[in-house]
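Data from protein02.json: JSON, C-alpha atoms
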[["chain", "number", "residue", "atom", "x", "y", "z"],
["A", 1454, "MET", "CA", 0.00, 0.00, 0.00],
["A", 1455, "THR", "CA", 1.29, 3.36, -0.97],
["A", 1456, "THR", "CA", 0.95, 6.16, 1.55],
["A", 1457, "ASN", "CA", 1.04, 9.75, 0.39],
["A", 1458, "LEU", "CA", 2.96, 11.77, 2.94],
["A", 1459, "PRO", "CA", 2.07, 15.47, 3.21],
["A", 1460, "GLU", "CA", 4.59, 17.64, 1.52],
["A", 1461, "GLN", "CA", 6.81, 19.72, 3.75],
["A", 1462, "ARG", "CA", 5.85, 23.37, 3.56],
["A", 1463, "GLN", "CA", 8.70, 25.68, 2.84],
["A", 1464, "PRO", "CA", 8.76, 29.16, 4.36],
["A", 1465, "SER", "CA", 7.49, 31.60, 1.82],
["A", 1466, "SER", "CA", 9.66, 34.43, 0.57],
["A", 1467, "GLU", "CA", 7.16, 36.85, 2.13],
["A", 1468, "VAL", "CA", 7.72, 35.40, 5.65],
["A", 1469, "LEU", "CA", 11.48, 35.54, 5.26],
["A", 1470, "SER", "CA", 11.23, 39.10, 4.04],
["A", 1471, "LYS", "CA", 9.25, 40.16, 7.12],
["A", 1472, "ALA", "CA", 11.73, 38.45, 9.42],
["A", 1473, "GLN", "CA", 14.58, 40.26, 7.76],
["A", 1474, "LYS", "CA", 12.77, 43.56, 8.12],
["A", 1475, "LEU", "CA", 12.18, 42.94, 11.83],
["A", 1476, "GLU", "CA", 15.84, 42.11, 12.32],
["A", 1477, "GLN", "CA", 16.81, 45.37, 10.60],
["A", 1478, "LEU", "CA", 14.49, 47.31, 12.90],
["A", 1479, "ARG", "CA", 15.95, 45.63, 15.99],
["A", 1480, "ARG", "CA", 19.45, 46.60, 14.89],
["A", 1481, "LYS", "CA", 18.38, 50.18, 14.31],
["A", 1482, "ILE", "CA", 16.75, 50.37, 17.75],
["A", 1483, "ALA", "CA", 19.89, 48.93, 19.40],
["A", 1484, "ALA", "CA", 22.01, 51.54, 17.62],
["A", 1485, "ILE", "CA", 20.04, 54.49, 19.02],
["A", 1486, "PRO", "CA", 22.03, 56.14, 21.89],
["A", 1487, "ALA", "CA", 20.29, 56.36, 25.25],
["A", 1488, "GLY", "CA", 18.56, 59.64, 25.94],
["A", 1489, "ASN", "CA", 18.06, 60.66, 22.31],
["A", 1490, "ASN", "CA", 14.52, 61.65, 21.46],
["A", 1491, "VAL", "CA", 13.30, 59.69, 18.47],
["A", 1492, "ASP", "CA", 9.92, 60.67, 17.10],
["A", 1493, "ALA", "CA", 9.47, 57.61, 14.90],
["A", 1494, "LEU", "CA", 11.44, 54.71, 13.57],
["A", 1495, "PRO", "CA", 11.89, 54.51, 9.81],
["A", 1496, "GLU", "CA", 9.49, 52.17, 8.04],
["A", 1497, "SER", "CA", 10.93, 48.91, 6.82],
["A", 1498, "ASN", "CA", 10.26, 49.83, 3.19],
["A", 1499, "ALA", "CA", 11.71, 53.33, 3.47],
["A", 1500, "GLU", "CA", 14.35, 54.43, 1.01],
["A", 1501, "PRO", "CA", 17.97, 54.51, 2.18],
["A", 1502, "VAL", "CA", 18.93, 57.79, 3.77],
["A", 1503, "ARG", "CA", 20.99, 59.92, 1.45],
["A", 1504, "LYS", "CA", 24.06, 61.69, 2.72],
["A", 1505, "VAL", "CA", 23.49, 65.45, 2.79],
["A", 1506, "GLU", "CA", 26.16, 68.02, 3.45],
["A", 1507, "THR", "CA", 25.48, 69.81, 6.73],
["A", 1508, "PRO", "CA", 26.19, 73.50, 7.26],
["A", 1509, "ALA", "CA", 29.03, 74.30, 9.66],
["A", 1510, "SER", "CA", 26.60, 75.92, 12.13],
["A", 1511, "THR", "CA", 24.92, 72.58, 12.81],
["A", 1512, "ASP", "CA", 28.19, 71.10, 14.07],
["A", 1513, "THR", "CA", 27.98, 73.31, 17.16],
["A", 1514, "THR", "CA", 24.40, 72.20, 17.77],
["A", 1515, "ARG", "CA", 25.35, 68.53, 17.51],
["A", 1516, "SER", "CA", 28.30, 68.93, 19.89],
["A", 1517, "THR", "CA", 25.98, 70.69, 22.37],
["A", 1518, "LEU", "CA", 23.56, 67.77, 22.24],
["A", 1519, "ARG", "CA", 26.46, 65.45, 23.11],
["A", 1520, "VAL", "CA", 27.16, 67.34, 26.35],
["A", 1521, "LEU", "CA", 24.99, 67.36, 29.48],
["A", 1522, "PRO", "CA", 24.71, 70.68, 31.36],
["A", 1523, "VAL", "CA", 26.39, 71.35, 34.72],
["A", 1524, "PRO", "CA", 26.34, 74.39, 37.06],
["A", 1525, "ASP", "CA", 28.14, 77.33, 35.45],
["A", 1526, "PRO", "CA", 31.17, 77.49, 37.81],
["A", 1527, "ILE", "CA", 31.83, 73.78, 37.21],
["A", 1528, "ALA", "CA", 31.32, 74.21, 33.47],
["A", 1529, "ALA", "CA", 34.25, 76.65, 33.44],
["A", 1530, "LEU", "CA", 36.52, 73.80, 34.61],
["A", 1531, "LEU", "CA", 35.54, 71.32, 31.90],
["A", 1532, "PRO", "CA", 36.79, 71.24, 28.27],
["A", 1533, "HIS", "CA", 33.30, 70.99, 26.76],
["A", 1534, "ARG", "CA", 31.61, 73.05, 29.51],
["A", 1535, "GLY", "CA", 29.60, 70.01, 30.52],
["A", 1536, "LEU", "CA", 29.61, 66.23, 30.92],
["A", 1537, "ALA", "CA", 30.39, 64.57, 27.60],
["A", 1538, "ARG", "CA", 28.06, 61.70, 26.74],
["A", 1539, "GLY", "CA", 29.74, 58.32, 26.99],
["A", 1540, "ALA", "CA", 32.12, 59.50, 29.71],
["A", 1541, "VAL", "CA", 32.80, 58.00, 33.14],
["A", 1542, "ALA", "CA", 33.53, 60.54, 35.86],
["A", 1543, "ALA", "CA", 34.52, 60.13, 39.51],
["A", 1544, "VAL", "CA", 33.02, 62.70, 41.90],
["A", 1545, "ASP", "CA", 34.59, 62.84, 45.36],
["A", 1546, "GLY", "CA", 34.32, 65.11, 48.40],
["A", 1547, "ALA", "CA", 31.42, 67.41, 49.23],
["A", 1548, "ALA", "CA", 28.10, 65.84, 48.26],
["A", 1549, "SER", "CA", 26.70, 69.20, 47.11],
["A", 1550, "ILE", "CA", 28.72, 68.95, 43.90],
["A", 1551, "LEU", "CA", 27.16, 65.60, 43.00],
["A", 1552, "VAL", "CA", 23.72, 66.95, 43.86],
["A", 1553, "GLY", "CA", 24.35, 69.98, 41.64],
["A", 1554, "LEU", "CA", 25.36, 67.81, 38.68],
["A", 1555, "LEU", "CA", 22.26, 65.64, 39.09],
["A", 1556, "ALA", "CA", 19.98, 68.67, 39.44],
["A", 1557, "ALA", "CA", 21.39, 70.43, 36.37],
["A", 1558, "ALA", "CA", 20.88, 67.37, 34.17],
["A", 1559, "THR", "CA", 17.29, 66.67, 35.26],
["A", 1560, "ALA", "CA", 16.34, 70.36, 35.13],
["A", 1561, "ALA", "CA", 17.34, 70.30, 31.45],
["A", 1562, "GLY", "CA", 14.97, 67.37, 30.81],
["A", 1563, "HIS", "CA", 17.43, 64.47, 31.01],
["A", 1564, "ARG", "CA", 16.65, 61.28, 32.93],
["A", 1565, "ALA", "CA", 18.85, 59.90, 35.68],
["A", 1566, "ALA", "CA", 19.24, 56.91, 38.00],
["A", 1567, "VAL", "CA", 20.83, 56.92, 41.46],
["A", 1568, "ILE", "CA", 22.17, 53.59, 42.68],
["A", 1569, "GLY", "CA", 23.55, 52.71, 46.11],
["A", 1570, "LEU", "CA", 23.16, 56.16, 47.71],
["A", 1571, "PRO", "CA", 20.30, 55.85, 50.23],
["A", 1572, "ARG", "CA", 21.32, 59.08, 52.02],
["A", 1573, "LEU", "CA", 21.43, 61.32, 48.97],
["A", 1574, "GLY", "CA", 19.61, 64.57, 49.75],
["A", 1575, "LEU", "CA", 16.60, 64.58, 47.46],
["A", 1576, "LEU", "CA", 15.37, 67.84, 49.01],
["A", 1577, "ALA", "CA", 18.69, 69.39, 48.05],
["A", 1578, "VAL", "CA", 18.19, 68.24, 44.46],
["A", 1579, "THR", "CA", 14.90, 70.16, 44.27],
["A", 1580, "GLU", "CA", 16.48, 73.21, 45.92],
["A", 1581, "HIS", "CA", 19.10, 73.17, 43.18],
["A", 1582, "GLY", "CA", 16.28, 73.20, 40.61],
["A", 1583, "GLY", "CA", 16.29, 69.49, 39.80],
["A", 1584, "ASP", "CA", 13.30, 67.42, 38.71],
["A", 1585, "LEU", "CA", 12.71, 64.40, 40.96],
["A", 1586, "SER", "CA", 10.18, 62.93, 38.53],
["A", 1587, "ARG", "CA", 13.09, 62.22, 36.17],
["A", 1588, "ILE", "CA", 15.16, 60.31, 38.73],
["A", 1589, "ALA", "CA", 14.96, 56.54, 39.35],
["A", 1590, "LEU", "CA", 16.18, 55.50, 42.80],
["A", 1591, "ILE", "CA", 17.76, 52.13, 43.60],
["A", 1592, "PRO", "CA", 19.02, 52.78, 47.15],
["A", 1593, "ASP", "CA", 19.99, 49.19, 48.04],
["A", 1594, "PRO", "CA", 21.26, 47.15, 45.09],
["A", 1595, "ARG", "CA", 23.03, 44.80, 47.53],
["A", 1596, "ASP", "CA", 26.04, 43.21, 45.80],
["A", 1597, "ALA", "CA", 24.86, 44.01, 42.28],
["A", 1598, "ALA", "CA", 25.42, 47.77, 42.16],
["A", 1599, "VAL", "CA", 27.74, 47.66, 39.14],
["A", 1600, "GLU", "CA", 25.47, 45.28, 37.25],
["A", 1601, "VAL", "CA", 22.41, 47.45, 37.97],
["A", 1602, "ALA", "CA", 24.31, 50.50, 36.74],
["A", 1603, "ALA", "CA", 25.18, 48.69, 33.50],
["A", 1604, "ILE", "CA", 21.49, 47.94, 32.92],
["A", 1605, "MET", "CA", 20.36, 51.49, 33.70],
["A", 1606, "LEU", "CA", 22.83, 52.90, 31.18],
["A", 1607, "ASP", "CA", 20.50, 51.51, 28.49],
["A", 1608, "GLY", "CA", 17.63, 53.82, 29.33],
["A", 1609, "VAL", "CA", 18.78, 56.99, 31.11],
["A", 1610, "ASP", "CA", 21.18, 59.84, 30.40],
["A", 1611, "VAL", "CA", 22.98, 59.96, 33.77],
["A", 1612, "VAL", "CA", 23.70, 57.07, 36.14],
["A", 1613, "VAL", "CA", 25.04, 57.94, 39.59],
["A", 1614, "LEU", "CA", 26.69, 54.93, 41.23],
["A", 1615, "GLY", "CA", 27.68, 54.78, 44.90],
["A", 1616, "LEU", "CA", 30.34, 52.11, 45.44],
["A", 1617, "SER", "CA", 30.24, 52.12, 49.27],
["A", 1618, "GLY", "CA", 34.04, 52.08, 49.46],
["A", 1619, "ALA", "CA", 34.49, 49.20, 47.02],
["A", 1620, "ALA", "CA", 37.17, 48.98, 44.34],
["A", 1621, "VAL", "CA", 35.94, 47.82, 40.93],
["A", 1622, "THR", "CA", 38.24, 45.49, 39.01],
["A", 1623, "PRO", "CA", 39.65, 46.79, 35.71],
["A", 1624, "SER", "CA", 37.85, 44.12, 33.67],
["A", 1625, "ARG", "CA", 34.42, 45.00, 35.10],
["A", 1626, "ALA", "CA", 35.15, 48.70, 34.75],
["A", 1627, "ARG", "CA", 36.11, 48.32, 31.10],
["A", 1628, "ALA", "CA", 32.92, 46.41, 30.29],
["A", 1629, "VAL", "CA", 30.62, 48.99, 31.88],
["A", 1630, "THR", "CA", 32.62, 51.89, 30.43],
["A", 1631, "ALA", "CA", 32.22, 50.39, 26.96],
["A", 1632, "ARG", "CA", 28.48, 50.17, 27.57],
["A", 1633, "ALA", "CA", 28.33, 53.85, 28.57],
["A", 1634, "ARG", "CA", 30.23, 54.73, 25.38],
["A", 1635, "SER", "CA", 27.89, 52.76, 23.13],
["A", 1636, "LYS", "CA", 24.71, 54.10, 24.76],
["A", 1637, "GLY", "CA", 25.88, 57.72, 24.99],
["A", 1638, "SER", "CA", 25.13, 57.91, 28.72],
["A", 1639, "VAL", "CA", 27.18, 59.49, 31.52],
["A", 1640, "LEU", "CA", 28.29, 57.38, 34.49],
["A", 1641, "LEU", "CA", 29.15, 59.24, 37.71],
["A", 1642, "VAL", "CA", 30.87, 57.08, 40.33],
["A", 1643, "THR", "CA", 31.44, 58.08, 43.94],
["A", 1644, "GLN", "CA", 32.56, 56.62, 47.27],
["A", 1645, "GLY", "CA", 34.89, 54.07, 45.74],
["A", 1646, "ASN", "CA", 37.60, 53.31, 43.21],
["A", 1647, "TRP", "CA", 36.82, 53.06, 39.49],
["A", 1648, "PRO", "CA", 39.92, 52.59, 37.32],
["A", 1649, "GLY", "CA", 40.42, 54.52, 34.11],
["A", 1650, "VAL", "CA", 37.87, 57.31, 34.58],
["A", 1651, "ASP", "CA", 37.73, 60.05, 31.92],
["A", 1652, "LEU", "CA", 37.19, 62.83, 34.43],
["A", 1653, "ARG", "CA", 37.69, 63.37, 38.14],
["A", 1654, "ILE", "CA", 35.95, 66.13, 40.11],
["A", 1655, "GLU", "CA", 36.95, 66.74, 43.73],
["A", 1656, "ALA", "CA", 35.32, 69.23, 46.09],
["A", 1657, "THR", "CA", 36.31, 70.42, 49.57],
["A", 1658, "VAL", "CA", 34.24, 72.69, 51.80],
["A", 1659, "THR", "CA", 36.37, 75.74, 52.66],
["A", 1660, "GLY", "CA", 33.95, 78.16, 54.29],
["A", 1661, "TYR", "CA", 30.41, 79.31, 54.94],
["A", 1662, "ARG", "CA", 28.43, 82.47, 55.51],
["A", 1663, "GLY", "CA", 25.64, 83.39, 57.88],
["A", 1664, "VAL", "CA", 27.02, 81.99, 61.13],
["A", 1665, "GLU", "CA", 28.93, 84.23, 63.51],
["A", 1666, "GLY", "CA", 30.31, 83.02, 66.83],
["A", 1667, "GLY", "CA", 28.50, 79.71, 66.52],
["A", 1668, "ARG", "CA", 25.07, 81.29, 65.99],
["A", 1669, "GLY", "CA", 22.93, 82.14, 63.01],
["A", 1670, "ARG", "CA", 21.69, 80.44, 59.87],
["A", 1671, "ILE", "CA", 23.95, 79.22, 57.09],
["A", 1672, "ASN", "CA", 23.00, 80.95, 53.85],
["A", 1673, "ALA", "CA", 26.04, 80.08, 51.73],
["A", 1674, "VAL", "CA", 28.68, 77.37, 51.55],
["A", 1675, "GLN", "CA", 32.02, 77.78, 49.78],
["A", 1676, "PHE", "CA", 34.01, 75.06, 48.04],
["A", 1677, "ASP", "CA", 37.33, 74.51, 46.36],
["A", 1678, "VAL", "CA", 36.57, 72.39, 43.31],
["A", 1679, "ALA", "CA", 39.20, 70.72, 41.14],
["A", 1680, "ALA", "CA", 38.72, 68.91, 37.83],
["A", 1681, "ALA", "CA", 41.24, 66.82, 35.90],
["A", 1682, "GLY", "CA", 40.88, 64.33, 33.10],
["A", 1683, "LYS", "CA", 42.11, 62.82, 29.90],
["A", 1684, "GLY", "CA", 43.40, 65.51, 27.59],
["A", 1685, "PHE", "CA", 43.43, 68.44, 30.01],
["A", 1686, "GLN", "CA", 45.39, 69.43, 33.10],
["A", 1687, "ARG", "CA", 44.02, 69.94, 36.58],
["A", 1688, "ARG", "CA", 41.92, 73.09, 36.97],
["A", 1689, "THR", "CA", 40.65, 74.59, 40.21],
["A", 1690, "GLN", "CA", 37.99, 77.11, 41.13],
["A", 1691, "ARG", "CA", 36.62, 78.49, 44.37],
["A", 1692, "MET", "CA", 32.84, 78.66, 44.23],
["A", 1693, "GLU", "CA", 29.84, 79.29, 46.42],
["A", 1694, "ILE", "CA", 26.35, 77.85, 46.71],
["A", 1695, "ARG", "CA", 24.05, 80.54, 48.11],
["A", 1696, "ASP", "CA", 20.47, 80.36, 49.37],
["A", 1697, "GLY", "CA", 18.83, 83.53, 48.13],
["A", 1698, "THR", "CA", 15.06, 83.31, 47.66],
["A", 1699, "GLY", "CA", 14.49, 79.66, 48.46],
["A", 1700, "ASN", "CA", 16.44, 78.39, 45.46],
["A", 1701, "LEU", "CA", 20.15, 77.67, 45.54],
["A", 1702, "THR", "CA", 22.42, 79.52, 43.15],
["A", 1703, "TRP", "CA", 26.03, 78.88, 42.09],
["A", 1704, "LYS", "CA", 28.70, 81.56, 41.84],
["A", 1705, "ALA", "CA", 32.43, 81.54, 41.09],
["A", 1706, "LEU", "CA", 34.55, 83.32, 43.73],
["A", 1707, "ASP", "CA", 37.94, 85.00, 43.91],
["A", 1708, "GLY", "CA", 40.13, 84.99, 47.00],
["A", 1709, "ALA", "CA", 40.07, 82.86, 50.14],
["A", 1710, "PRO", "CA", 37.05, 82.68, 52.49],
["A", 1711, "LYS", "CA", 37.39, 83.62, 56.14],
["A", 1712, "ASN", "CA", 36.65, 80.81, 58.58],
["A", 1713, "ASN", "CA", 35.83, 81.16, 62.24],
["A", 1714, "ALA", "CA", 38.10, 78.81, 64.19],
["A", 1715, "SER", "CA", 35.48, 78.36, 66.91],
["A", 1716, "ASP", "CA", 33.09, 76.81, 64.38],
["A", 1717, "THR", "CA", 35.41, 74.01, 63.23],
["A", 1718, "ARG", "CA", 32.94, 71.33, 64.30],
["A", 1719, "LEU", "CA", 30.17, 72.87, 62.23],
["A", 1720, "LEU", "CA", 32.49, 73.24, 59.23],
["A", 1721, "GLU", "CA", 33.41, 69.56, 59.42],
["A", 1722, "ALA", "CA", 29.72, 68.61, 59.53],
["A", 1723, "LEU", "CA", 29.18, 70.26, 56.16]]
Once you've parsed the file, please lay out its structure as structure tokens.
Amino acid sequence: MTTNLPEQRQPSSEVLSKAQKLEQLRRKIAAIPAGNNVDALPESNAEPVRKVETPASTDTTRSTLRVLPVPDPIAALLPHRGLARGAVAAVDGAASILVGLLAAATAAGHRAAVIGLPRLGLLAVTEHGGDLSRIALIPDPRDAAVEVAAIMLDGVDVVVLGLSGAAVTPSRARAVTARARSKGSVLLVTQGNWPGVDLRIEATVTGYRGVEGGRGRINAVQFDVAAAGKGFQRRTQRMEIRDGTGNLTWKALDGAPKNNASDTRLLEAL
């Protein structure tokens, strides 16, 4: 007896074509840097994009889009007057500098994530003009802080990573740094050792205003801020954060502040 077996159905050219189009779309999505606003993805049957010569004026605009804003006195210390996308920066010393960087980025509409810093002053972020609705908080990542940071680099513009005194191995640092580069995000590390950073910002409290003889209300804090990195030498600036009308403002200063020796304990608390 002869049995007629059903013929094997071959995938049609139409199915293969759709699969190929989906794969192309996935690659295009993966190639989009984090934080870029994309109104719509190109249709699968769209014509190839033609190369058009761009006027010189647009180069400045593009370079501006590749830099995240920072407070003006800090901008004067940096080569591009901001945090270059894809960079890894270490921020050490006074926490107000880190808060200011976070506030400036979110106030400009960028999204951020804060990992491993449960005591970060969120009220201070709003006083600096920051937008808390644009900040994702992961206060206790346990032993996976670096891994969580690597994941968050996919979807936000700025990732702030508290290392709790840990030293990251060069191999792990290189992998996460490469991810920040490919996604166009900025990684700010603090309270630990991250090898091979592009930029290092250090801040030391040097004075304050508003307190005389141990009494009064602090209305301004002064800092010595230093920045150094790949391609530029160490730069320093004395600056002040002042509380004027409920909002904190930044100002570059000249000269040395006068400290009251009797208020050393208060100065150390800052």
Please report, as CSV, each residue of stretch 1619-1708 of chain A lying at most 10 Å from stretch 1547-1566 of chain A, together with the nearest pair of atoms and the separation in Å rounded to one decimal; use all atoms listed in the file, and order rows by chain and ascending residue number.
residue,atom,partner,partner_atom,distance
A:Ser1638,CA,A:Ala1565,CA,9.6
A:Val1639,CA,A:Ala1565,CA,9.3
A:Leu1640,CA,A:Ala1566,CA,9.7
A:Leu1641,CA,A:Leu1551,CA,8.5
A:Val1642,CA,A:Leu1551,CA,9.7
A:Thr1643,CA,A:Leu1551,CA,8.7
A:Ile1654,CA,A:Ile1550,CA,8.6
A:Glu1655,CA,A:Ala1547,CA,7.8
A:Ala1656,CA,A:Ala1547,CA,5.3
A:Thr1657,CA,A:Ala1547,CA,5.8
A:Val1658,CA,A:Ala1547,CA,6.5
A:Val1674,CA,A:Ser1549,CA,9.5
A:Phe1676,CA,A:Ala1547,CA,8.2
A:Asp1677,CA,A:Ala1547,CA,9.7
A:Val1678,CA,A:Ile1550,CA,8.6
A:Ile1694,CA,A:Ser1549,CA,8.7
A:Leu1701,CA,A:Gly1553,CA,9.6
A:Thr1702,CA,A:Gly1553,CA,9.8
A:Trp1703,CA,A:Gly1553,CA,9.1
**Prompt:** Given the choices A:Arg1653, A:Ile1568, A:Ser1624, A:Ala1537, which gets closest to A:Ala1680 if the distance is worked out from all atoms listed in the file?
**Reply:**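 Smallest distance to A:Ala1680 is found for A:Arg1653.
Contact shell of stretch 1593-1606 of chain A at 9 Å (all atoms listed in the file; same-chain neighbours under 4 positions omitted): Ala1487, Ala1565, Ala1566, Val1567, Ile1568, Gly1569, Leu1570, Pro1571, Asp1610, Val1611, Val1612, Val1613, Leu1614, Gly1615, Leu1616, Val1621, Arg1625, Ala1626, Ala1628, Val1629, Thr1630, Arg1632, Ala1633, Lys1636, Gly1637, Ser1638, Val1639 and Leu1640 of chain A.
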**Prompt:** Which polymer residues have any atom within 12 Å of an atom of A:Gln1686, counting all atoms listed in the file, with same-chain residues fewer than 4 positions away left out, as a VMD selection string?
**Reply:** chain A and resid 1530 to 1532 1652 to 1653 1679 to 1682
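Shortest separation to A:Arg1572 among A:Ser1586, A:Val1664, A:Ser1617, A:Glu1693 occurs at residue A:Ser1617, atoms counted being all atoms listed in the file.
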So that all listed atoms of stretch 1688-1705 of chain A fit with 6 Å spare on each side, what axis-aligned box centre and edge lengths in Å, to one decimal, would you give as lines of an AutoDock Vina configuration file?
center_x = 28.2
center_y = 78.3
center_z = 43.2
size_x = 39.4
size_y = 22.4
size_z = 24.4
**Request:** Would you please work out which residue, of A:Val1520, A:Asp1545, A:Glu1665, A:Thr1689, is nearest to A:His1533 when using only C-alpha atoms?
**Result:**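 Once distances to A:His1533 are computed over only C-alpha atoms, the minimum belongs to A:Val1520.
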**Message:** Quick check, in Å to one decimal: how far apart do atom CA of A:Val1650 and atom CA of A:Val1541 lie?
**Reply:**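 So the two atoms, atom CA of A:Val1650 and atom CA of A:Val1541, lie 5.3 Å apart.
Distances here use all atoms listed in the file; by that measure, the residue among A:Arg1634, A:Leu1536, A:Asn1700, A:Gly1608 closest to A:Thr1579 is A:Asn1700.
Counting all atoms listed in the file and comparing A:Arg1662, A:Arg1670, A:Arg1695, A:Arg1534, the residue that lies closest to A:His1581 is A:Arg1695.
Note that atom CA of A:Ala1540 and atom CA of A:Pro1623 are 15.9 Å apart.
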**Request:** Work out how far apart atom CA of A:Asp1707 and atom CA of A:Gln1675 are and give it in Å to one decimal.
**Result:** 11.0 Å
**Message:** Restricting the calculation to all atoms listed in the file: of A:Gly1583, A:Gly1663, A:Gly1618, A:Gly1539, which residue gets closest to A:Asp1696?
**Reply:** A:Gly1663
